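> Sending over a structure as structure tokens; questions will come in a sec.
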Amino acid sequence: MSSRLLVYKLNQAVSMKDATRMEAAIRECKEAGMGKEKDVRKAEKELQVIEMKSKLKRAMEERDDAAITEAISETERLGLSSKLRHDILAAKNSVSRRERTAQSKPSILDFGKSTISEIRSYDHPPRIVHRVIQAALMLLGESESDTSDWRKCRAFCCQTGDNGLNRKILNFDMTKVRPGAKPISKEILNKYRFSEVQAVSAGAATFYVWVSCFFNVYITWRK
């Protein structure tokens, strides 16, 4: 096959961004002794771009932060940062979002037995305690109507296993909070100061901090 035809096939594969055809065309050119041709070197670079773009996308889809970091480093090492700057930015943002979400998950130790036991012990809690717990439960997926009834709030706090409060807090994902729950929880929180809650209930104060943490992280995440 003539060198002109080989270059034509190569450029056609590049224009189609077909990685498989590009690999084959590059191999044919090299076998014909054309490895140092400008078109071949350009095609090799474009193939690297396609491969790294795919690698970044796959790591993001799998939410594999280690793979994302490795792919970004490899992209920079290959000198492809400018060509893939938008992909790199998207990958870094995906890692940052997960880090911020993780920051909104207080340690399960913060919600130990004493905290949960205190909340469960209330038959008729002070209104400030009920409202703070309501704000937290709404972020965790419960409805406003259900959490307006303390008996139901208490029942939610008494659940165990996968439906247990500790498990829900541990697995909390701020991106899955129902939109309607956020303004109501925020309104409840704004009515009280931490010192007021803490003076009445140490357990409720823990939930107050958790809800506050959610809104602080959520506001940062949305920027």
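Letters for chains follow the order of the structure tokens (A, B, ...), residue numbers begin at 1 for each chain, and ligand numbers begin at 1 in the order shown.
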Would you return as an MDAnalysis selection string the members of range 8-185 of chain A that DSSP assigns to helix (DSSP H, G or I) on this structure's backbone?

chainID A and resid 8:16 19:31 38:61 65:77 85:103 108:111 113:121 127:139 144:147 150:158 161:163 165:170 174:176 181:185

> So which residues touch Asp123 in chain A within 9 Å, counting only C-alpha atoms, skipping near sequence neighbours fewer than 3 positions away, as a list in words?

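Here the qualifying residues turn out to be Arg120, Trp150, Arg151 and Arg154 of chain A.
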
> Take the residues from that selection and write them out as a PDB file, in the first residue's frame, keeping N, CA, C and O atoms.


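As a result, again_27.pdb now contains:
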```pdb
ATOM      1  N   ARG A 120     -34.894   8.830  72.535  1.00  0.00           N
ATOM      2  CA  ARG A 120     -35.953   7.826  72.670  1.00  0.00           C
ATOM      3  C   ARG A 120     -36.682   7.929  74.007  1.00  0.00           C
ATOM      4  O   ARG A 120     -37.831   7.504  74.134  1.00  0.00           O
ATOM      5  N   TRP A 150     -44.627  13.681  67.370  1.00  0.00           N
ATOM      6  CA  TRP A 150     -43.473  13.187  68.115  1.00  0.00           C
ATOM      7  C   TRP A 150     -43.461  11.667  68.243  1.00  0.00           C
ATOM      8  O   TRP A 150     -42.406  11.043  68.227  1.00  0.00           O
ATOM      9  N   ARG A 151     -44.635  11.071  68.355  1.00  0.00           N
ATOM     10  CA  ARG A 151     -44.670   9.616  68.482  1.00  0.00           C
ATOM     11  C   ARG A 151     -44.031   8.945  67.272  1.00  0.00           C
ATOM     12  O   ARG A 151     -43.332   7.935  67.406  1.00  0.00           O
ATOM     13  N   ARG A 154     -40.234   9.524  67.415  1.00  0.00           N
ATOM     14  CA  ARG A 154     -39.645   8.589  68.370  1.00  0.00           C
ATOM     15  C   ARG A 154     -39.556   7.190  67.762  1.00  0.00           C
ATOM     16  O   ARG A 154     -38.557   6.478  67.945  1.00  0.00           O
TER      17      ARG A 154
END
```

> Identify which of the residues A:Leu10, A:Ala91, A:Glu61, A:Lys38 lies closest to Ala25 in chain A, counting only C-alpha atoms when measuring atom-to-atom distances.

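Among the listed residues, A:Leu10 lies closest to Ala25 in chain A.
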
> Given the choices A:Leu84, A:Leu78, A:Ala43, A:Ile128, which gets closest to Lys57 in chain A if the distance is worked out from only C-alpha atoms?

A:Leu84

> Using only C-alpha atoms, which protein or nucleic acid residues come within 12 Å of Val7 in chain A? Drop anything in the same chain fewer than 6 positions from it, and give the result as JSON, numbers by chain.

{"A": [1, 13, 14, 22, 24, 25, 26, 27, 28, 29, 30, 32, 34, 35, 37, 38, 39, 40, 41, 42, 43]}

> Which of these residues is nearest to Asp87 in chain A, using only C-alpha atoms: A:Val129, A:Ser114, A:Ala59, A:His124?

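Answer, going by the shortest atom-to-atom distance: A:Ala59.
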